[in-house]
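Shown next: query.csv, containing CSV, C-alpha atoms.
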chain,number,residue,atom,x,y,z
A,272,MET,CA,0.0,0.0,0.0
A,273,SER,CA,2.8,2.4,0.8
A,274,GLN,CA,4.3,1.7,-2.6
A,275,ASP,CA,0.9,2.6,-4.2
A,276,LEU,CA,0.9,5.8,-2.2
A,277,GLU,CA,4.4,6.7,-3.2
A,278,LYS,CA,3.6,5.9,-6.9
A,279,GLY,CA,0.5,8.1,-6.7
A,280,TYR,CA,2.5,10.9,-5.1
A,281,GLU,CA,5.1,10.6,-7.8
A,282,HIS,CA,2.5,10.9,-10.6
A,283,GLU,CA,0.9,13.9,-8.8
A,284,THR,CA,4.3,15.6,-8.5
A,285,GLN,CA,5.1,14.9,-12.1
A,286,TYR,CA,1.7,16.2,-13.1
A,287,GLN,CA,2.1,19.4,-11.1
A,288,SER,CA,5.7,20.1,-12.4
A,289,ARG,CA,4.5,19.6,-16.0
A,290,THR,CA,1.5,21.9,-15.4
A,291,ALA,CA,3.8,24.5,-14.0
A,292,ASP,CA,5.9,24.4,-17.2
A,293,GLN,CA,2.8,25.6,-19.1
A,294,ALA,CA,2.6,29.4,-19.8
A,295,VAL,CA,-1.2,29.6,-19.6
A,296,VAL,CA,-2.1,26.9,-17.0
A,297,SER,CA,-1.9,27.6,-13.3
A,298,PRO,CA,-2.1,24.8,-10.8
A,299,GLN,CA,-2.7,27.3,-8.0
A,300,LEU,CA,-5.9,28.8,-9.4
A,301,SER,CA,-9.4,27.4,-9.6
A,302,SER,CA,-11.4,27.3,-12.8
A,303,ILE,CA,-13.5,30.4,-11.7
A,304,GLU,CA,-10.3,32.4,-11.1
A,305,ILE,CA,-8.9,31.4,-14.5
A,306,GLY,CA,-12.2,32.5,-16.0
A,307,ILE,CA,-11.8,35.9,-14.2
A,308,CYS,CA,-8.3,36.3,-15.6
A,309,GLY,CA,-9.6,35.6,-19.1
A,310,ALA,CA,-12.6,37.9,-18.7
A,311,VAL,CA,-10.3,40.8,-17.6
A,312,ALA,CA,-7.9,40.2,-20.4
A,313,GLY,CA,-10.7,40.1,-23.0
A,314,MET,CA,-12.3,43.3,-21.7
A,315,VAL,CA,-9.1,45.3,-21.8
A,316,SER,CA,-8.0,44.0,-25.1
A,317,ARG,CA,-11.3,44.8,-26.7
A,318,PHE,CA,-11.1,48.5,-25.9
A,319,VAL,CA,-7.7,48.6,-27.5
A,320,ALA,CA,-8.9,46.7,-30.6
A,321,SER,CA,-12.1,48.5,-31.4
A,322,PRO,CA,-11.0,51.2,-33.9
A,323,LEU,CA,-9.0,48.9,-36.1
A,324,ASP,CA,-11.7,46.2,-35.8
A,325,VAL,CA,-14.3,48.6,-37.1
A,326,VAL,CA,-12.0,49.6,-40.0
A,327,LYS,CA,-11.2,45.9,-40.8
A,328,ILE,CA,-14.9,44.9,-40.8
A,329,ARG,CA,-15.9,47.7,-43.1
A,330,LEU,CA,-13.0,47.0,-45.6
A,331,GLN,CA,-14.0,43.3,-45.5
A,332,LEU,CA,-17.6,44.0,-46.3
A,333,GLN,CA,-17.0,46.5,-49.0
A,334,PRO,CA,-17.5,45.0,-52.4
A,335,GLY,CA,-15.0,45.2,-55.2
A,336,ARG,CA,-11.3,44.2,-55.5
A,337,PRO,CA,-8.9,45.6,-52.9
A,338,ILE,CA,-6.6,48.4,-53.9
A,339,SER,CA,-3.2,46.8,-54.7
A,340,PRO,CA,-0.5,47.1,-57.3
A,341,LEU,CA,-1.1,43.4,-58.1
A,342,SER,CA,-4.8,44.0,-58.8
A,343,LEU,CA,-5.1,47.4,-60.4
A,344,ARG,CA,-5.1,45.9,-63.8
A,345,HIS,CA,-8.2,43.9,-63.0
A,346,GLN,CA,-10.1,46.5,-61.0
A,347,SER,CA,-13.7,46.8,-61.9
A,348,ILE,CA,-14.9,50.3,-62.8
A,349,HIS,CA,-18.5,49.4,-62.0
A,350,VAL,CA,-18.1,48.9,-58.3
A,351,ALA,CA,-18.4,52.1,-56.2
A,352,LYS,CA,-16.0,51.9,-53.3
A,353,LYS,CA,-16.5,54.0,-50.2
A,354,TYR,CA,-13.1,53.4,-48.5
A,355,ASN,CA,-9.8,53.4,-50.4
A,356,GLY,CA,-7.6,51.7,-47.8
A,357,MET,CA,-7.2,51.7,-44.0
A,358,PHE,CA,-6.1,55.4,-43.5
A,359,HIS,CA,-8.8,56.7,-45.8
A,360,ALA,CA,-11.4,54.6,-43.9
A,361,ILE,CA,-10.3,56.0,-40.5
A,362,LYS,CA,-10.4,59.6,-41.8
A,363,LEU,CA,-13.8,59.1,-43.4
A,364,ILE,CA,-15.4,57.4,-40.3
A,365,VAL,CA,-14.2,60.2,-38.0
A,366,ARG,CA,-15.4,62.9,-40.4
A,367,GLU,CA,-18.9,61.4,-40.9
A,368,GLU,CA,-19.5,59.8,-37.5
A,369,GLY,CA,-17.1,61.4,-35.1
A,370,ILE,CA,-14.4,59.7,-33.1
A,371,ARG,CA,-17.1,57.6,-31.4
A,372,GLY,CA,-17.7,55.9,-34.8
A,373,LEU,CA,-14.5,54.0,-34.3
A,374,TRP,CA,-16.1,52.3,-31.3
A,375,ASN,CA,-19.3,51.4,-33.0
A,376,GLY,CA,-20.7,48.2,-31.4
A,377,ASN,CA,-18.3,48.4,-28.5
A,378,LEU,CA,-20.9,47.5,-25.9
A,379,SER,CA,-21.8,44.2,-27.5
A,380,ALA,CA,-18.1,43.7,-28.3
A,381,GLU,CA,-17.2,44.2,-24.6
A,382,TYR,CA,-19.8,41.5,-23.7
A,383,LEU,CA,-18.3,39.3,-26.4
A,384,TYR,CA,-14.7,39.7,-25.3
A,385,LEU,CA,-15.5,39.4,-21.6
A,386,SER,CA,-17.5,36.2,-21.9
A,387,TYR,CA,-15.2,34.9,-24.7
A,388,GLY,CA,-12.0,35.4,-22.7
A,389,ALA,CA,-13.5,33.7,-19.6
A,390,VAL,CA,-14.8,30.6,-21.5
A,391,GLN,CA,-11.6,30.4,-23.7
A,392,PHE,CA,-9.0,30.4,-20.9
A,393,LEU,CA,-11.1,28.3,-18.6
A,394,THR,CA,-11.6,25.6,-21.3
A,395,TYR,CA,-7.9,25.8,-22.2
A,396,GLN,CA,-6.9,25.1,-18.6
A,397,GLN,CA,-9.3,22.2,-18.4
A,398,MET,CA,-8.0,20.6,-21.6
A,399,GLN,CA,-4.4,21.0,-20.6
A,400,ASN,CA,-5.2,19.4,-17.2
A,401,LEU,CA,-6.9,16.6,-19.0
A,402,PHE,CA,-3.9,15.9,-21.2
A,403,LYS,CA,-1.6,15.9,-18.2
A,404,ARG,CA,-3.8,13.4,-16.4
A,405,ILE,CA,-3.8,11.2,-19.4
A,406,ASP,CA,0.0,11.4,-19.6
A,407,SER,CA,0.3,10.6,-15.9
A,408,ASN,CA,-2.1,7.6,-16.0
A,409,GLN,CA,-0.4,6.2,-19.1
A,410,ASN,CA,3.2,6.8,-17.8
A,411,GLY,CA,3.8,8.9,-20.9
A,412,ASN,CA,3.5,5.8,-23.2
A,413,TYR,CA,0.2,6.5,-24.9
A,414,GLY,CA,-0.3,10.2,-24.2
A,415,ILE,CA,-0.9,12.9,-26.8
A,416,ASN,CA,2.2,14.5,-28.3
A,417,LYS,CA,3.3,17.4,-26.0
A,418,THR,CA,3.9,19.7,-29.0
A,419,LEU,CA,0.3,19.1,-30.2
A,420,GLN,CA,-1.3,19.5,-26.8
A,421,PRO,CA,-1.4,23.4,-26.8
A,422,PHE,CA,-2.6,23.4,-30.4
A,423,LEU,CA,-5.5,20.9,-29.6
A,424,SER,CA,-6.3,22.7,-26.4
A,425,GLY,CA,-6.4,26.1,-28.2
A,426,ALA,CA,-8.6,24.6,-31.0
A,427,ILE,CA,-11.1,23.2,-28.6
A,428,CYS,CA,-11.2,26.2,-26.3
A,429,GLY,CA,-11.6,28.5,-29.3
A,430,SER,CA,-14.5,26.6,-30.8
A,431,THR,CA,-16.2,26.3,-27.5
A,432,ALA,CA,-15.9,30.0,-26.7
A,433,THR,CA,-17.1,30.9,-30.3
A,434,ILE,CA,-20.3,28.8,-30.1
A,435,VAL,CA,-21.1,30.0,-26.6
A,436,THR,CA,-20.6,33.7,-27.4
A,437,TYR,CA,-21.5,33.8,-31.1
A,438,PRO,CA,-24.6,36.1,-30.9
A,439,PHE,CA,-22.4,38.8,-29.4
A,440,ASP,CA,-20.0,38.4,-32.3
A,441,LEU,CA,-22.7,38.8,-34.8
A,442,LEU,CA,-24.1,41.9,-33.0
A,443,ARG,CA,-20.6,43.4,-32.9
A,444,THR,CA,-20.2,42.9,-36.7
A,445,ARG,CA,-23.6,44.4,-37.5
A,446,PHE,CA,-23.1,47.5,-35.2
A,447,ALA,CA,-19.6,48.1,-36.7
A,448,ALA,CA,-21.1,47.9,-40.2
A,449,GLN,CA,-23.8,50.5,-39.5
A,450,ARG,CA,-23.7,54.0,-41.1
A,451,GLU,CA,-25.2,57.3,-39.9
A,452,ASN,CA,-28.8,56.1,-40.5
A,453,ARG,CA,-28.7,53.2,-38.1
A,454,VAL,CA,-30.4,49.9,-38.6
A,455,TYR,CA,-30.2,49.1,-34.9
A,456,LEU,CA,-30.7,51.9,-32.3
A,457,GLY,CA,-29.1,49.9,-29.4
A,458,LEU,CA,-28.3,46.4,-28.1
A,459,ARG,CA,-31.9,45.7,-27.0
A,460,HIS,CA,-33.4,47.0,-30.3
A,461,ALA,CA,-30.9,44.9,-32.3
A,462,VAL,CA,-31.8,41.7,-30.4
A,463,GLN,CA,-35.6,42.4,-30.9
A,464,GLN,CA,-35.2,43.2,-34.6
A,465,ILE,CA,-33.0,40.2,-35.5
A,466,TYR,CA,-35.3,37.8,-33.6
A,467,ALA,CA,-38.4,39.3,-35.2
A,468,GLN,CA,-37.0,39.3,-38.8
A,469,GLU,CA,-34.7,36.2,-38.8
A,470,GLY,CA,-35.7,34.1,-35.8
A,471,TYR,CA,-33.2,32.3,-33.5
A,472,SER,CA,-31.1,31.2,-36.4
A,473,GLY,CA,-30.4,34.8,-37.3
A,474,PHE,CA,-28.1,35.1,-34.3
A,475,TYR,CA,-26.0,32.2,-35.7
A,476,ARG,CA,-25.6,33.4,-39.3
A,477,GLY,CA,-22.0,32.3,-40.4
A,478,VAL,CA,-21.4,30.2,-37.3
A,479,THR,CA,-20.0,27.3,-39.4
A,480,ALA,CA,-17.5,29.6,-41.0
A,481,SER,CA,-16.6,31.0,-37.6
A,482,VAL,CA,-15.9,27.6,-36.0
A,483,ALA,CA,-14.0,26.5,-39.1
A,484,GLN,CA,-11.8,29.7,-38.8
A,485,ILE,CA,-11.4,29.6,-35.1
A,486,ILE,CA,-10.1,26.0,-34.8
A,487,PRO,CA,-6.8,26.6,-36.6
A,488,TYR,CA,-6.7,30.2,-35.5
A,489,MET,CA,-6.7,29.5,-31.7
A,490,GLY,CA,-4.7,26.3,-32.2
A,491,LEU,CA,-1.9,28.4,-33.9
A,492,MET,CA,-2.3,31.1,-31.3
A,493,PHE,CA,-1.9,29.0,-28.2
A,494,GLY,CA,0.6,26.6,-29.8
A,495,ASN,CA,2.9,29.5,-30.9
A,496,TYR,CA,2.4,31.3,-27.5
A,497,GLU,CA,3.5,28.2,-25.5
A,498,PHE,CA,6.4,27.5,-27.9
A,499,LEU,CA,7.7,31.1,-27.6
A,500,LYS,CA,7.3,31.2,-23.8
A,501,LYS,CA,9.3,27.9,-23.6
A,502,SER,CA,11.9,29.4,-25.9
A,503,PHE,CA,12.3,32.4,-23.5
A,504,ARG,CA,12.8,29.9,-20.7
A,505,LYS,CA,15.6,28.2,-22.6
A,506,LEU,CA,17.3,31.5,-23.4
A,507,GLU,CA,17.0,32.5,-19.8
A,508,ASP,CA,18.7,29.2,-18.7
A,509,LYS,CA,21.6,30.0,-21.1
A,510,HIS,CA,21.8,33.6,-19.7
A,511,ILE,CA,20.9,35.0,-23.1
A,512,TRP,CA,17.6,36.5,-21.9
A,513,PHE,CA,16.9,38.6,-18.8
A,514,HIS,CA,15.3,37.0,-15.7
A,515,ASN,CA,11.9,38.0,-14.4
A,516,LEU,CA,10.7,39.8,-17.5
A,517,ARG,CA,7.5,37.9,-17.7
A,518,GLY,CA,5.4,40.8,-18.8
A,519,VAL,CA,7.7,41.6,-21.8
A,520,GLU,CA,7.7,37.9,-22.7
A,521,ASP,CA,3.9,37.9,-22.6
A,522,LEU,CA,3.7,41.0,-24.9
A,523,LEU,CA,6.2,39.7,-27.4
A,524,SER,CA,4.9,36.1,-27.5
A,525,GLY,CA,1.3,37.3,-27.8
A,526,ALA,CA,2.1,39.8,-30.6
A,527,ILE,CA,4.0,37.2,-32.7
A,528,SER,CA,1.4,34.5,-32.1
A,529,GLY,CA,-1.4,36.9,-33.1
A,530,ILE,CA,0.2,37.9,-36.4
A,531,ILE,CA,1.0,34.3,-37.4
A,532,SER,CA,-2.5,32.9,-36.5
A,533,LYS,CA,-4.4,35.8,-38.1
A,534,ALA,CA,-2.4,35.7,-41.4
A,535,GLY,CA,-2.9,31.9,-41.5
A,536,VAL,CA,-6.7,31.9,-41.4
A,537,PHE,CA,-7.7,35.4,-42.7
A,538,PRO,CA,-9.8,34.3,-45.7
A,539,LEU,CA,-12.1,32.3,-43.4
A,540,ASP,CA,-12.4,35.4,-41.1
A,541,LEU,CA,-13.5,37.4,-44.2
A,542,VAL,CA,-16.1,34.8,-45.1
A,543,ARG,CA,-17.4,34.9,-41.5
A,544,LYS,CA,-17.9,38.7,-41.6
A,545,ILE,CA,-19.7,38.5,-45.0
A,546,LEU,CA,-22.1,35.9,-43.8
A,547,GLN,CA,-22.9,37.7,-40.6
A,548,VAL,CA,-24.4,40.7,-42.4
A,549,GLN,CA,-26.5,38.7,-44.8
A,550,GLY,CA,-30.2,38.9,-44.1
A,551,PRO,CA,-33.1,41.4,-44.6
A,552,ASN,CA,-31.0,44.5,-43.7
A,553,ARG,CA,-28.1,43.5,-46.0
A,554,THR,CA,-28.4,46.7,-48.1
A,555,ASN,CA,-28.9,49.1,-45.1
A,556,TYR,CA,-25.3,49.1,-43.8
A,557,PHE,CA,-22.4,51.6,-44.5
A,558,VAL,CA,-22.5,50.5,-48.2
A,559,SER,CA,-25.8,49.8,-49.8
A,560,ASN,CA,-24.4,47.3,-52.3
A,561,VAL,CA,-23.3,44.5,-50.1
A,562,PRO,CA,-23.6,41.5,-52.4
A,563,LEU,CA,-25.8,38.5,-51.6
A,564,TYR,CA,-23.7,35.5,-50.8
A,565,SER,CA,-24.5,31.8,-50.3
A,566,SER,CA,-24.6,30.5,-46.7
A,567,SER,CA,-22.2,27.7,-47.8
A,568,ILE,CA,-18.6,28.4,-47.0
A,569,PHE,CA,-17.2,26.9,-50.2
A,570,ILE,CA,-19.8,28.5,-52.5
A,571,CYS,CA,-19.2,31.9,-50.7
A,572,ILE,CA,-15.5,31.6,-51.3
A,573,ARG,CA,-16.1,30.8,-55.0
A,574,GLN,CA,-18.3,33.9,-55.3
A,575,ILE,CA,-15.6,36.1,-53.7
A,576,LEU,CA,-13.0,34.7,-56.1
A,577,ARG,CA,-15.2,35.2,-59.1
A,578,ASN,CA,-16.2,38.8,-58.1
A,579,ASP,CA,-13.0,40.1,-56.5
A,580,GLY,CA,-10.2,37.8,-57.4
A,581,ILE,CA,-7.8,36.0,-55.1
A,582,LEU,CA,-6.9,39.2,-53.3
A,583,GLY,CA,-10.6,39.7,-52.5
A,584,LEU,CA,-10.1,37.0,-49.8
A,585,TYR,CA,-7.6,39.4,-48.1
A,586,LYS,CA,-9.6,42.6,-48.0
A,587,GLY,CA,-8.9,44.3,-44.7
A,588,LEU,CA,-5.7,42.2,-44.0
A,589,THR,CA,-3.6,45.3,-43.2
A,590,PRO,CA,-5.7,46.6,-40.3
A,591,ALA,CA,-6.3,43.0,-39.2
A,592,LEU,CA,-2.6,42.3,-38.8
A,593,ILE,CA,-1.9,45.7,-37.2
A,594,LYS,CA,-4.8,45.0,-34.8
A,595,SER,CA,-3.9,41.4,-34.0
A,596,ALA,CA,-0.4,42.1,-32.7
A,597,PRO,CA,-1.3,44.6,-30.0
A,598,VAL,CA,-4.6,42.9,-29.1
A,599,SER,CA,-3.0,39.4,-28.7
A,600,ALA,CA,-0.1,41.1,-26.8
A,601,VAL,CA,-2.5,42.9,-24.5
A,602,THR,CA,-4.6,39.8,-24.0
A,603,PHE,CA,-1.8,37.6,-22.9
A,604,PHE,CA,-0.1,40.4,-20.9
A,605,VAL,CA,-3.2,41.2,-18.9
A,606,TYR,CA,-4.1,37.5,-18.5
A,607,GLY,CA,-0.5,36.8,-17.3
A,608,TYR,CA,-0.5,39.8,-14.9
A,609,THR,CA,-3.9,39.0,-13.4
A,610,LYS,CA,-2.9,35.3,-13.1
A,611,ARG,CA,0.4,36.2,-11.3
A,612,LEU,CA,-1.5,38.6,-9.0
A,613,LEU,CA,-4.0,36.0,-7.9
A,614,GLU,CA,-1.2,33.4,-7.5
A,615,SER,CA,0.6,35.9,-5.2
A,616,LEU,CA,-2.5,36.4,-3.2
A,617,HIS,CA,-2.8,32.6,-2.7
A,618,SER,CA,0.9,32.5,-1.6
A,619,LEU,CA,0.2,35.2,1.0
A,620,GLU,CA,-2.8,33.2,2.3
A,621,ASP,CA,-0.6,30.0,2.6
A,622,THR,CA,2.1,31.8,4.7

Let me see whether you can do it: turn the structure in this file into structure tokens.
Amino acid sequence: MSQDLEKGYEHETQYQSRTADQAVVSPQLSSIEIGICGAVAGMVSRFVASPLDVVKIRLQLQPGRPISPLSLRHQSIHVAKKYNGMFHAIKLIVREEGIRGLWNGNLSAEYLYLSYGAVQFLTYQQMQNLFKRIDSNQNGNYGINKTLQPFLSGAICGSTATIVTYPFDLLRTRFAAQRENRVYLGLRHAVQQIYAQEGYSGFYRGVTASVAQIIPYMGLMFGNYEFLKKSFRKLEDKHIWFHNLRGVEDLLSGAISGIISKAGVFPLDLVRKILQVQGPNRTNYFVSNVPLYSSSIFICIRQILRNDGILGLYKGLTPALIKSAPVSAVTFFVYGYTKRLLESLHSLEDT
């Protein structure tokens, strides 16, 4: 019996040490506390993201081929374009709607990012804990590859958070796409209108494209983040990197991970936004000629390629990449800071 206890203790010790090696997981914090860390991170990052998010959404929804040296030759003269690039869009939005126009839909987006961050990080911790327990029970013989674990955990937590919070994402997109003559006067009015005109399914327009996009996106995000954090640990061990610069590491790792993951899945993000504004008010947004697209992901992609060319799948890429770096950096920085703060409070209670 004593041998069984020792063996069990060994497995638990190995499990805790492997868990401590993870950049996101915390063995000291409960699921609720991890959810709080994620909610705070999501709320702060959203406020930073809003202006570029509004610009990105409007460029994505605007019909016509993007302005590019590679596509000028094929530019259709029949499509009226309101925004000629990121900076022109910012200037025009501020001129027509005031500075507050850059925060259109921010209330629904705050609800989205707060709830999304909580569900995302909570699910990620649960998945990582599950993988560690599988490794411990199987003595590492039949466990899932450790390099794949953050990718799989990120994919599952991203898809879970997307499905749970999707109505907020749809509302955020529609608010950001509004012009001066608003389709929706507020959050409550938007919910009532969508339900009356489109039913419950209206709140989940484009959800398939969203899940298809978020699985590789969050997989790449968390996979790269964990890899970069481990790389900093190795550099620190070799005295190449400074000790106790966790905040800087979070910022750098988050920014790089955000750029890589966003660039990798951007066409699916564009399809998601296009499908979210389909419906009876499709022609009442900032441009009145938003095309009608099929609800099928593959048919929608074919329509974009036919109408706008291959670069049409990358409309809004510049503000998306500029946005993804600071937003991901802020998300992981605030999450890491909040997590370390709660861990230090636990340490004080134990002394």

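Taking CA of Ala426 in chain A and CA of Gly309 in chain A as endpoints, the distance between them is 16.2 Å.
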
Expressed in Å, the length from CA of Val311 in chain A to CA of Glu381 in chain A is 10.4 Å

Using only C-alpha atoms, determine which residues lie at most 8 Å from Pro538 in chain A, disregarding the query and same-chain residues fewer than 3 positions distant; provide the list as a PDB file with C-alpha atoms, in the coordinates of the input.
ATOM      1  CA  LEU A 541     -13.500  37.400 -44.200  1.00  0.00           C
ATOM      2  CA  VAL A 542     -16.100  34.800 -45.100  1.00  0.00           C
ATOM      3  CA  LEU A 584     -10.100  37.000 -49.800  1.00  0.00           C
ATOM      4  CA  TYR A 585      -7.600  39.400 -48.100  1.00  0.00           C
TER       5      TYR A 585
END

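Across the structure, CA of Gly535 in chain A and CA of Tyr488 in chain A are spaced 7.3 Å apart.
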
Q.
as number ranges by chain, please: the residues near range 461-477 of chain A (cut-off 8 Å, only C-alpha atoms, same-chain neighbours under 3 positions excluded).
A. A: 437-438, 441-442, 455-458, 480-481, 542-544, 546-547, 549-551, 566

Contacts of Ala526 in chain A within 6 Å, only C-alpha atoms, excl. fewer than 4 positions in-chain, as a PyMOL selection string: chain A and resi 596-597+599-600

Atoms to include: C-alpha atoms. Write the selected residues as a compact mmCIF listing (two decimals), keeping the file's coordinate frame.
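Written file, again08.txt:
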# COMPACT_ATOMS: atom_id res chain seq x y z
CA ALA A 596 -0.40 42.10 -32.70
CA PRO A 597 -1.30 44.60 -30.00
CA SER A 599 -3.00 39.40 -28.70
CA ALA A 600 -0.10 41.10 -26.80

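Distances here use only C-alpha atoms; by that measure, the residue among A:Gly583, A:Gly369, A:Gly388, A:Gly525 closest to Ser595 in chain A is A:Gly525.
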
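If you count all atoms listed in the file and ignore residues fewer than 4 places along the chain from Gly494 in chain A, what sits within 8 Å of it is Thr418, Leu419, Gln420, Pro421, Phe422, Gly425, Gly490 and Phe498 of chain A.
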